[in-house]
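Visitor: This is structure-v1.pdb, which holds PDB, C-alpha atoms:
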MODEL        1
ATOM      1  CA  MET A   1      87.761  98.653 110.494
ATOM      2  CA  GLU A   2      89.082  95.292 109.406
ATOM      3  CA  ALA A   3      87.148  92.224 110.373
ATOM      4  CA  ARG A   4      87.109  88.487 109.850
ATOM      5  CA  ALA A   5      90.917  88.278 109.746
ATOM      6  CA  GLN A   6      92.384  84.876 109.042
ATOM      7  CA  THR A   7      96.039  83.988 109.583
ATOM      8  CA  TRP A   8      98.215  81.054 108.639
ATOM      9  CA  GLN A   9     101.821  80.083 109.275
ATOM     10  CA  LEU A  10     103.182  78.337 106.206
ATOM     11  CA  ALA A  11     106.275  76.318 105.361
ATOM     12  CA  SER A  12     108.783  77.901 102.990
ATOM     13  CA  THR A  13     107.846  75.773  99.994
ATOM     14  CA  LEU A  14     106.352  76.239  96.556
ATOM     15  CA  ASP A  15     103.384  74.170  97.731
ATOM     16  CA  SER A  16     102.694  76.967 100.223
ATOM     17  CA  VAL A  17     102.753  79.456  97.350
ATOM     18  CA  ASP A  18     100.090  77.447  95.497
ATOM     19  CA  TRP A  19      98.070  76.949  98.671
ATOM     20  CA  ALA A  20      98.111  80.649  99.567
ATOM     21  CA  GLU A  21      97.081  81.697  96.079
ATOM     22  CA  ALA A  22      94.193  79.220  95.997
ATOM     23  CA  HIS A  23      92.923  80.122  99.460
ATOM     24  CA  VAL A  24      93.076  83.867  98.988
ATOM     25  CA  LEU A  25      91.318  83.467  95.639
ATOM     26  CA  SER A  26      88.564  81.533  97.345
ATOM     27  CA  ILE A  27      88.152  84.323  99.873
ATOM     28  CA  ALA A  28      88.199  86.967  97.136
ATOM     29  CA  LYS A  29      85.473  85.218  95.155
ATOM     30  CA  LYS A  30      83.269  85.002  98.232
ATOM     31  CA  ALA A  31      83.903  88.709  98.825
ATOM     32  CA  GLY A  32      82.429  89.503  95.401
ATOM     33  CA  PHE A  33      85.510  90.247  93.319
ATOM     34  CA  ASP A  34      85.015  89.613  89.596
ATOM     35  CA  GLU A  35      87.228  87.418  87.438
ATOM     36  CA  ASP A  36      89.648  90.183  86.438
ATOM     37  CA  ALA A  37      90.079  91.379  90.019
ATOM     38  CA  CYS A  38      90.575  87.791  91.190
ATOM     39  CA  SER A  39      93.338  87.388  88.603
ATOM     40  CA  ASP A  40      94.954  90.581  89.941
ATOM     41  CA  ILE A  41      94.724  89.264  93.489
ATOM     42  CA  GLY A  42      95.904  85.751  92.618
ATOM     43  CA  ILE A  43      99.079  86.786  90.849
ATOM     44  CA  SER A  44      99.870  89.414  93.490
ATOM     45  CA  VAL A  45      99.603  86.900  96.312
ATOM     46  CA  ARG A  46     101.671  84.458  94.283
ATOM     47  CA  GLU A  47     104.432  87.012  93.654
ATOM     48  CA  SER A  48     104.475  88.027  97.334
ATOM     49  CA  MET A  49     104.633  84.439  98.485
ATOM     50  CA  VAL A  50     107.406  83.592  96.004
ATOM     51  CA  ASN A  51     109.349  86.568  97.284
ATOM     52  CA  ALA A  52     108.923  85.376 100.871
ATOM     53  CA  VAL A  53     109.665  81.700 100.233
ATOM     54  CA  VAL A  54     112.474  82.060  97.686
ATOM     55  CA  HIS A  55     114.173  85.398  98.284
ATOM     56  CA  GLY A  56     113.270  85.918 101.954
ATOM     57  CA  ASN A  57     113.434  82.517 103.602
ATOM     58  CA  HIS A  58     115.480  80.772 100.879
ATOM     59  CA  TYR A  59     113.261  77.667 101.235
ATOM     60  CA  SER A  60     114.523  77.205 104.820
ATOM     61  CA  THR A  61     112.689  74.508 106.747
ATOM     62  CA  GLU A  62     113.434  76.524 109.890
ATOM     63  CA  LYS A  63     111.634  79.643 108.669
ATOM     64  CA  LYS A  64     107.924  80.196 108.168
ATOM     65  CA  VAL A  65     105.862  82.582 106.090
ATOM     66  CA  ASN A  66     102.991  84.344 107.832
ATOM     67  CA  LEU A  67      99.924  85.033 105.725
ATOM     68  CA  SER A  68      97.063  87.150 106.996
ATOM     69  CA  VAL A  69      93.878  88.010 105.117
ATOM     70  CA  ASP A  70      91.335  90.566 106.294
ATOM     71  CA  VAL A  71      88.040  91.264 104.595
ATOM     72  CA  SER A  72      86.435  94.563 105.520
ATOM     73  CA  SER A  73      83.397  96.252 104.031
ATOM     74  CA  SER A  74      85.602  98.118 101.553
ATOM     75  CA  THR A  75      88.855  96.204 101.126
ATOM     76  CA  LEU A  76      90.616  92.881 100.974
ATOM     77  CA  THR A  77      93.930  93.175 102.790
ATOM     78  CA  MET A  78      96.679  90.575 102.577
ATOM     79  CA  ILE A  79      99.850  90.613 104.668
ATOM     80  CA  ILE A  80     102.768  88.339 103.841
ATOM     81  CA  GLU A  81     105.748  88.180 106.185
ATOM     82  CA  ASP A  82     108.993  86.266 105.925
ATOM     83  CA  SER A  83     111.917  85.802 108.315
ATOM     84  CA  GLY A  84     114.746  86.595 105.936
ATOM     85  CA  SER A  85     117.292  89.373 106.122
ATOM     86  CA  GLY A  86     114.782  92.008 105.048
ATOM     87  CA  LEU A  87     114.297  93.479 101.619
ATOM     88  CA  ASP A  88     116.087  96.763 100.927
ATOM     89  CA  LEU A  89     114.157  98.361  98.088
ATOM     90  CA  SER A  90     116.908 100.894  97.454
ATOM     91  CA  THR A  91     119.229  98.112  96.290
ATOM     92  CA  LEU A  92     116.842  96.648  93.725
ATOM     93  CA  PRO A  93     117.425  97.465  90.069
ATOM     94  CA  ASP A  94     114.613  99.308  88.279
ATOM     95  CA  PRO A  95     112.996  96.617  86.088
ATOM     96  CA  LEU A  96     111.734  99.272  83.665
ATOM     97  CA  ALA A  97     115.136 100.803  82.998
ATOM     98  CA  GLU A  98     116.296 100.128  79.456
ATOM     99  CA  GLU A  99     119.414  98.317  80.635
ATOM    100  CA  ASN A 100     117.357  95.968  82.837
ATOM    101  CA  LEU A 101     114.590  94.978  80.423
ATOM    102  CA  LEU A 102     116.316  91.728  79.475
ATOM    103  CA  ARG A 103     117.060  90.642  83.031
ATOM    104  CA  PRO A 104     115.375  87.304  83.754
ATOM    105  CA  SER A 105     114.083  88.352  87.179
ATOM    106  CA  GLY A 106     113.129  91.322  89.342
ATOM    107  CA  ARG A 107     109.597  92.047  88.095
ATOM    108  CA  GLY A 108     107.496  90.625  90.941
ATOM    109  CA  LEU A 109     107.103  93.806  92.972
ATOM    110  CA  LEU A 110     106.355  95.803  89.840
ATOM    111  CA  ILE A 111     103.503  93.418  88.983
ATOM    112  CA  ILE A 112     102.052  93.549  92.501
ATOM    113  CA  GLY A 113     102.149  97.346  92.490
ATOM    114  CA  ALA A 114     100.329  97.451  89.162
ATOM    115  CA  PHE A 115      97.492  95.183  90.258
ATOM    116  CA  MET A 116      96.894  96.295  93.850
ATOM    117  CA  ASP A 117      95.201  99.509  95.007
ATOM    118  CA  GLU A 118      97.718  99.809  97.827
ATOM    119  CA  PHE A 119     101.062  98.067  98.187
ATOM    120  CA  ALA A 120     103.667  98.588 100.880
ATOM    121  CA  VAL A 121     106.930  96.826 101.648
ATOM    122  CA  GLU A 122     108.746  97.237 104.927
ATOM    123  CA  ARG A 123     111.498  95.581 106.913
ATOM    124  CA  ARG A 124     110.215  93.946 110.082
ATOM    125  CA  ALA A 125     111.782  95.029 113.367
ATOM    126  CA  GLU A 126     112.221  91.358 114.284
ATOM    127  CA  GLY A 127     113.842  90.611 110.907
ATOM    128  CA  GLY A 128     112.405  89.809 107.531
ATOM    129  CA  THR A 129     110.079  91.577 105.150
ATOM    130  CA  ARG A 130     106.422  92.487 105.496
ATOM    131  CA  MET A 131     104.297  93.094 102.415
ATOM    132  CA  ARG A 132     100.854  94.639 102.708
ATOM    133  CA  LEU A 133      98.563  94.314  99.713
ATOM    134  CA  VAL A 134      95.153  95.970  99.515
ATOM    135  CA  LYS A 135      92.488  95.532  96.853
ATOM    136  CA  ASN A 136      89.354  97.646  97.071
ATOM    137  CA  ARG A 137      86.136  95.663  97.088
ATOM    138  CA  PRO A 138      83.595  96.276  94.352
ATOM    139  CA  ALA A 139      80.713  98.547  95.273
ATOM    140  CA  ALA A 140      77.708  96.568  96.489
TER     141      ALA A 140
ATOM    142  CA  MET B   1      98.329  71.832  85.358
ATOM    143  CA  SER B   2     101.928  72.607  84.488
ATOM    144  CA  VAL B   3     102.927  73.659  81.018
ATOM    145  CA  LYS B   4     102.747  71.283  78.069
ATOM    146  CA  LEU B   5     105.079  72.172  75.219
ATOM    147  CA  THR B   6     105.096  70.790  71.701
ATOM    148  CA  ASN B   7     106.986  72.040  68.692
ATOM    149  CA  ARG B   8     106.406  71.734  64.970
ATOM    150  CA  GLN B   9     108.050  73.027  61.825
ATOM    151  CA  VAL B  10     106.350  75.455  59.471
ATOM    152  CA  GLY B  11     108.915  75.905  56.727
ATOM    153  CA  ASP B  12     112.101  76.950  58.477
ATOM    154  CA  VAL B  13     110.222  78.365  61.452
ATOM    155  CA  THR B  14     109.792  76.326  64.623
ATOM    156  CA  VAL B  15     106.417  76.960  66.238
ATOM    157  CA  VAL B  16     106.331  76.134  69.950
ATOM    158  CA  ASP B  17     102.795  75.524  71.207
ATOM    159  CA  ALA B  18     102.513  76.134  74.955
ATOM    160  CA  GLU B  19      99.529  75.059  77.029
ATOM    161  CA  GLY B  20      98.837  75.459  80.750
ATOM    162  CA  ARG B  21     100.757  77.438  83.361
ATOM    163  CA  ILE B  22     104.240  78.925  83.101
ATOM    164  CA  THR B  23     105.133  79.674  86.706
ATOM    165  CA  LEU B  24     107.999  79.124  89.117
ATOM    166  CA  GLY B  25     108.445  75.412  89.672
ATOM    167  CA  ASP B  26     105.535  74.667  87.393
ATOM    168  CA  GLY B  27     106.619  75.012  83.818
ATOM    169  CA  ALA B  28     109.197  77.786  83.744
ATOM    170  CA  SER B  29     112.197  75.444  83.711
ATOM    171  CA  THR B  30     110.490  73.173  81.164
ATOM    172  CA  PHE B  31     110.184  76.103  78.809
ATOM    173  CA  ARG B  32     113.819  77.106  79.340
ATOM    174  CA  ASP B  33     115.055  73.569  78.623
ATOM    175  CA  LEU B  34     113.060  73.291  75.397
ATOM    176  CA  ILE B  35     114.306  76.610  74.050
ATOM    177  CA  LYS B  36     117.920  75.636  74.795
ATOM    178  CA  ASP B  37     117.429  72.272  73.083
ATOM    179  CA  LEU B  38     115.867  73.850  70.014
ATOM    180  CA  VAL B  39     118.630  76.425  69.684
ATOM    181  CA  GLY B  40     121.261  73.750  70.303
ATOM    182  CA  ASN B  41     119.789  71.781  67.423
ATOM    183  CA  GLY B  42     120.086  74.730  65.096
ATOM    184  CA  ASN B  43     116.528  76.064  65.253
ATOM    185  CA  LYS B  44     116.956  79.829  65.248
ATOM    186  CA  LYS B  45     113.536  81.051  64.126
ATOM    187  CA  LEU B  46     111.135  80.440  66.999
ATOM    188  CA  LEU B  47     107.489  81.470  67.151
ATOM    189  CA  VAL B  48     106.098  80.805  70.631
ATOM    190  CA  ASN B  49     102.343  80.289  70.624
ATOM    191  CA  LEU B  50     100.930  81.283  74.024
ATOM    192  CA  GLY B  51      97.290  81.008  72.961
ATOM    193  CA  GLU B  52      96.572  78.133  75.356
ATOM    194  CA  VAL B  53      98.588  79.490  78.283
ATOM    195  CA  SER B  54      96.146  80.098  81.094
ATOM    196  CA  TYR B  55      98.527  81.685  83.574
ATOM    197  CA  ILE B  56     101.987  83.165  83.655
ATOM    198  CA  ASP B  57     103.809  84.822  86.564
ATOM    199  CA  SER B  58     106.984  86.904  86.780
ATOM    200  CA  SER B  59     109.110  83.747  86.664
ATOM    201  CA  GLY B  60     107.357  82.708  83.465
ATOM    202  CA  ILE B  61     107.883  86.183  82.040
ATOM    203  CA  GLY B  62     111.547  85.838  83.019
ATOM    204  CA  GLU B  63     111.757  82.575  81.078
ATOM    205  CA  LEU B  64     110.330  84.243  77.983
ATOM    206  CA  VAL B  65     113.029  86.894  78.311
ATOM    207  CA  SER B  66     115.738  84.270  78.833
ATOM    208  CA  GLY B  67     114.507  82.394  75.781
ATOM    209  CA  PHE B  68     114.554  85.580  73.771
ATOM    210  CA  THR B  69     118.175  86.324  74.702
ATOM    211  CA  THR B  70     119.256  82.687  74.216
ATOM    212  CA  VAL B  71     117.925  82.701  70.656
ATOM    213  CA  GLN B  72     119.226  86.190  69.960
ATOM    214  CA  ASN B  73     122.708  85.303  71.206
ATOM    215  CA  ALA B  74     122.701  82.350  68.792
ATOM    216  CA  GLY B  75     121.992  84.721  65.928
ATOM    217  CA  GLY B  76     118.287  83.936  65.663
ATOM    218  CA  SER B  77     115.040  85.456  66.805
ATOM    219  CA  MET B  78     112.096  84.488  68.992
ATOM    220  CA  LYS B  79     108.663  86.014  68.538
ATOM    221  CA  LEU B  80     105.361  85.562  70.356
ATOM    222  CA  LEU B  81     101.984  84.481  69.008
ATOM    223  CA  ASN B  82      98.396  84.647  70.304
ATOM    224  CA  LEU B  83      98.743  86.440  73.626
ATOM    225  CA  ASN B  84      95.660  86.523  75.813
ATOM    226  CA  LYS B  85      94.665  89.737  77.579
ATOM    227  CA  ARG B  86      96.409  88.752  80.795
ATOM    228  CA  VAL B  87      99.761  88.092  79.156
ATOM    229  CA  LYS B  88      99.434  91.296  77.111
ATOM    230  CA  ASP B  89      98.792  93.240  80.321
ATOM    231  CA  LEU B  90     101.885  91.724  81.933
ATOM    232  CA  LEU B  91     104.083  92.542  78.943
ATOM    233  CA  GLN B  92     102.814  96.118  78.976
ATOM    234  CA  ILE B  93     103.342  96.544  82.721
ATOM    235  CA  THR B  94     106.886  95.216  82.414
ATOM    236  CA  LYS B  95     107.589  97.198  79.213
ATOM    237  CA  LEU B  96     108.429  93.972  77.422
ATOM    238  CA  TYR B  97     105.935  94.797  74.709
ATOM    239  CA  THR B  98     108.739  96.995  73.396
ATOM    240  CA  VAL B  99     111.099  94.004  73.306
ATOM    241  CA  PHE B 100     109.015  91.165  71.864
ATOM    242  CA  GLU B 101     107.556  91.102  68.392
ATOM    243  CA  VAL B 102     103.990  89.877  68.851
ATOM    244  CA  HIS B 103     101.620  88.389  66.279
ATOM    245  CA  ASP B 104      97.952  87.451  66.408
ATOM    246  CA  ASP B 105      98.040  85.378  63.234
ATOM    247  CA  GLU B 106     100.313  82.369  62.809
ATOM    248  CA  ALA B 107     100.762  82.695  59.060
ATOM    249  CA  ALA B 108     101.737  86.348  59.417
ATOM    250  CA  GLY B 109     104.058  85.438  62.268
ATOM    251  CA  VAL B 110     105.786  82.787  60.163
ATOM    252  CA  ARG B 111     106.093  85.149  57.189
ATOM    253  CA  SER B 112     107.666  87.811  59.397
ATOM    254  CA  PHE B 113     110.840  85.712  59.670
ATOM    255  CA  SER B 114     111.429  85.890  55.895
TER     256      SER B 114
ENDMDL
END
Just give me the structure as structure tokens.
Guide:
Amino acid sequence: MEARAQTWQLASTLDSVDWAEAHVLSIAKKAGFDEDACSDIGISVRESMVNAVVHGNHYSTEKKVNLSVDVSSSTLTMIIEDSGSGLDLSTLPDPLAEENLLRPSGRGLLIIGAFMDEFAVERRAEGGTRMRLVKNRPAA
Amino acid sequence: MSVKLTNRQVGDVTVVDAEGRITLGDGASTFRDLIKDLVGNGNKKLLVNLGEVSYIDSSGIGELVSGFTTVQNAGGSMKLLNLNKRVKDLLQITKLYTVFEVHDDEAAGVRSFS
């Protein structure tokens, strides 16, 4: 069961990216995550927020990013939603393929997947992309 | 704190000392501009010291890659120095450890260009 959920609706700006990272980190520290885990969480939230602000909403002042954070007894769950056209994973180049190693972008989702215990990306029925990131809490 | 970049010559090698964060909107473009300027001025042996970089995201990683290709396309080479554990982890996750030559010792890094 997830409890103590907090939600925010954020402008599509890089300031929102910084704000989200800092606030989720604060929550993670209070939840008992160590420094390494906090670094994993911080960069994953940052990459998700950048994806939403830059690639999803294209910095539109008309579009918001929804951030939700739930702390349960066993997990920290973060949900980031944008209002863009919706990410189609099948169209994204594999960043680990030899021919793509020197591309300047396209590594954000790979990094999130490496640092989170669960990571899911889906297109929202109402439009946009929803990313769900889960980090398991340390044993008490 | 965004990134602070300074460069110095060690023989014919240009050492770029980076300090702070290399992230989207917070240092990534600064890094790109410096590398282009250095290459434009004929500096083709670059050793990028990341020892004081506290944070780098995928945009920062992308700028390292862009710098690498910019220097390579000009007939030079760009190598990395003093990676902390976090940056090493990111380069391994992204398989870029197979692309960049990485050194832990500046003198050895400089000599490697000979």
Visitor: Please evaluate the PyMOL selection byres ((chain A and resi 5) around 12) against the structure above and give the resulting residues as a PyMOL selection string.
Guide: chain A and resi 1-4+6-8+24+27+67-72+75-79
Visitor: Using all atoms listed in the file, find each residue in chain B having at least one atom no more than 12 Å away from chain A; report its shortest atom-to-atom pair and that distance in Å (one decimal), rows by chain then rising number, as JSON lines.
Guide:
{"residue": "B:Met1", "atom": "CA", "partner": "A:Asp18", "partner_atom": "CA", "distance": 11.7}
{"residue": "B:Thr23", "atom": "CA", "partner": "A:Arg46", "partner_atom": "CA", "distance": 9.6}
{"residue": "B:Leu24", "atom": "CA", "partner": "A:Leu14", "partner_atom": "CA", "distance": 8.1}
{"residue": "B:Gly25", "atom": "CA", "partner": "A:Leu14", "partner_atom": "CA", "distance": 7.2}
{"residue": "B:Asp26", "atom": "CA", "partner": "A:Leu14", "partner_atom": "CA", "distance": 9.3}
{"residue": "B:Ala28", "atom": "CA", "partner": "A:Pro104", "partner_atom": "CA", "distance": 11.3}
{"residue": "B:Arg32", "atom": "CA", "partner": "A:Pro104", "partner_atom": "CA", "distance": 11.2}
{"residue": "B:Ser54", "atom": "CA", "partner": "A:Ser39", "partner_atom": "CA", "distance": 10.8}
{"residue": "B:Tyr55", "atom": "CA", "partner": "A:Ile43", "partner_atom": "CA", "distance": 8.9}
{"residue": "B:Ile56", "atom": "CA", "partner": "A:Ile43", "partner_atom": "CA", "distance": 8.6}
{"residue": "B:Asp57", "atom": "CA", "partner": "A:Ile43", "partner_atom": "CA", "distance": 6.7}
{"residue": "B:Ser58", "atom": "CA", "partner": "A:Gly108", "partner_atom": "CA", "distance": 5.6}
{"residue": "B:Ser59", "atom": "CA", "partner": "A:Ser105", "partner_atom": "CA", "distance": 6.8}
{"residue": "B:Gly60", "atom": "CA", "partner": "A:Pro104", "partner_atom": "CA", "distance": 9.2}
{"residue": "B:Ile61", "atom": "CA", "partner": "A:Pro104", "partner_atom": "CA", "distance": 7.8}
{"residue": "B:Gly62", "atom": "CA", "partner": "A:Pro104", "partner_atom": "CA", "distance": 4.2}
{"residue": "B:Glu63", "atom": "CA", "partner": "A:Pro104", "partner_atom": "CA", "distance": 6.5}
{"residue": "B:Leu64", "atom": "CA", "partner": "A:Pro104", "partner_atom": "CA", "distance": 8.3}
{"residue": "B:Val65", "atom": "CA", "partner": "A:Pro104", "partner_atom": "CA", "distance": 5.9}
{"residue": "B:Ser66", "atom": "CA", "partner": "A:Pro104", "partner_atom": "CA", "distance": 5.8}
{"residue": "B:Gly67", "atom": "CA", "partner": "A:Pro104", "partner_atom": "CA", "distance": 9.4}
{"residue": "B:Phe68", "atom": "CA", "partner": "A:Leu102", "partner_atom": "CA", "distance": 8.6}
{"residue": "B:Thr69", "atom": "CA", "partner": "A:Leu102", "partner_atom": "CA", "distance": 7.4}
{"residue": "B:Thr70", "atom": "CA", "partner": "A:Leu102", "partner_atom": "CA", "distance": 10.9}
{"residue": "B:Gln72", "atom": "CA", "partner": "A:Leu102", "partner_atom": "CA", "distance": 11.4}
{"residue": "B:Lys85", "atom": "CA", "partner": "A:Asp36", "partner_atom": "CA", "distance": 10.2}
{"residue": "B:Arg86", "atom": "CA", "partner": "A:Ser39", "partner_atom": "CA", "distance": 8.5}
{"residue": "B:Val87", "atom": "CA", "partner": "A:Ser39", "partner_atom": "CA", "distance": 11.4}
{"residue": "B:Asp89", "atom": "CA", "partner": "A:Ile111", "partner_atom": "CA", "distance": 9.9}
{"residue": "B:Leu90", "atom": "CA", "partner": "A:Ile111", "partner_atom": "CA", "distance": 7.4}
{"residue": "B:Leu91", "atom": "CA", "partner": "A:Ile111", "partner_atom": "CA", "distance": 10.1}
{"residue": "B:Gln92", "atom": "CA", "partner": "A:Ile111", "partner_atom": "CA", "distance": 10.4}
{"residue": "B:Ile93", "atom": "CA", "partner": "A:Ile111", "partner_atom": "CA", "distance": 7.0}
{"residue": "B:Thr94", "atom": "CA", "partner": "A:Leu96", "partner_atom": "CA", "distance": 6.4}
{"residue": "B:Lys95", "atom": "CA", "partner": "A:Leu96", "partner_atom": "CA", "distance": 6.4}
{"residue": "B:Leu96", "atom": "CA", "partner": "A:Leu101", "partner_atom": "CA", "distance": 6.9}
{"residue": "B:Tyr97", "atom": "CA", "partner": "A:Leu101", "partner_atom": "CA", "distance": 10.4}
{"residue": "B:Thr98", "atom": "CA", "partner": "A:Leu101", "partner_atom": "CA", "distance": 9.4}
{"residue": "B:Val99", "atom": "CA", "partner": "A:Leu101", "partner_atom": "CA", "distance": 8.0}
{"residue": "B:Phe100", "atom": "CA", "partner": "A:Leu102", "partner_atom": "CA", "distance": 10.6}
Visitor: Skip segment 103-108 of chain B itself and residues of its chain fewer than 3 positions away, then list as JSON, numbers by chain all residues within 6 Å of it, counting only C-alpha atoms.
Guide: {"B": [81, 82, 111]}
Visitor: Using all atoms listed in the file, which residue out of B:Met78, B:Val102, B:Val71, B:Val10 lies closest to Leu47 of chain B?
Guide: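 Using all atoms listed in the file, Leu47 of chain B sits closest to B:Met78.
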Visitor: In Å, with one decimal, what is the gap from atom CA of Ala52 of chain A to atom CA of Leu34 of chain B?
Guide: 28.5 Å
